[in-house]
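Have a look at the structure below, then the notes.
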Amino acid sequence: MTSYIPAPSDGSHGVVAHSIRSRIRDVGRITFAEFMHMALYVSVCGYYATRSPLGPTGDFYTAPLTHPGFGDLISRQLENMWEIMGRPSPFWFVEVGSGDGQLAVDILSHSSALNGEFASCLSYVAVDCHPPLIDSNRSID
């Protein structure tokens, strides 16, 4: 079998491949979803579980890591949506793949500088395969 994923220098590629092969040997065919879950999230050898792929030492940057202005723009858009929707309370913001929580920090801190009523209605939910690195229930000043 040819591997199209470059092997990390820490040897985890072999552990991942072994785990996947063992699972297939034990149960037969597996779904693509199960394959991806094993390759990315298994705590011993998964891509996201064994390294921090974000930032200057990682494999990629995301917009929130480049500048807090991204969170400012998102908070302004959320406030606009909140107004259009009739100012619901609570107003839920669900971030899928929240990672290190930087976007949430930026959005919540910039929201507090906008309409005070909007900031008090905004409720944040982090969705990620790992425990959140920030407390989404805390107040950000």
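Naming scheme: A, B, ... for chains in displayed order of the structure tokens; residues 1 onward per chain; ligands 1 onward as shown.
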
Contact residues around segment 124-126 of chain A with only C-alpha atoms at 6 Å, ignoring same-chain residues under 3 positions, as a PyMOL selection string
chain A and resi 92-95+98

If you count only C-alpha atoms, which residues fall within 8 Å of Ser111 of chain A, apart from same-chain ones fewer than 5 positions away, as a PyMOL selection string?
chain A and resi 72+75-76+79+118-119

Please dump the current selection as a compact mmCIF listing (two decimals), in the first residue's frame; keep C-alpha atoms.
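Output (again-v6.txt):
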# COMPACT_ATOMS: atom_id res chain seq x y z
CA ASP A 72 -13.78 42.11 15.40
CA SER A 75 -18.52 40.24 16.07
CA ARG A 76 -19.83 43.15 13.99
CA GLU A 79 -24.38 42.04 15.93
CA PHE A 118 -25.91 42.60 22.21
CA ALA A 119 -22.91 41.59 24.32

Hey, can you check how far atom CA of Arg29 of chain A sits from atom CA of Val96 of chain A?
28.7 Å
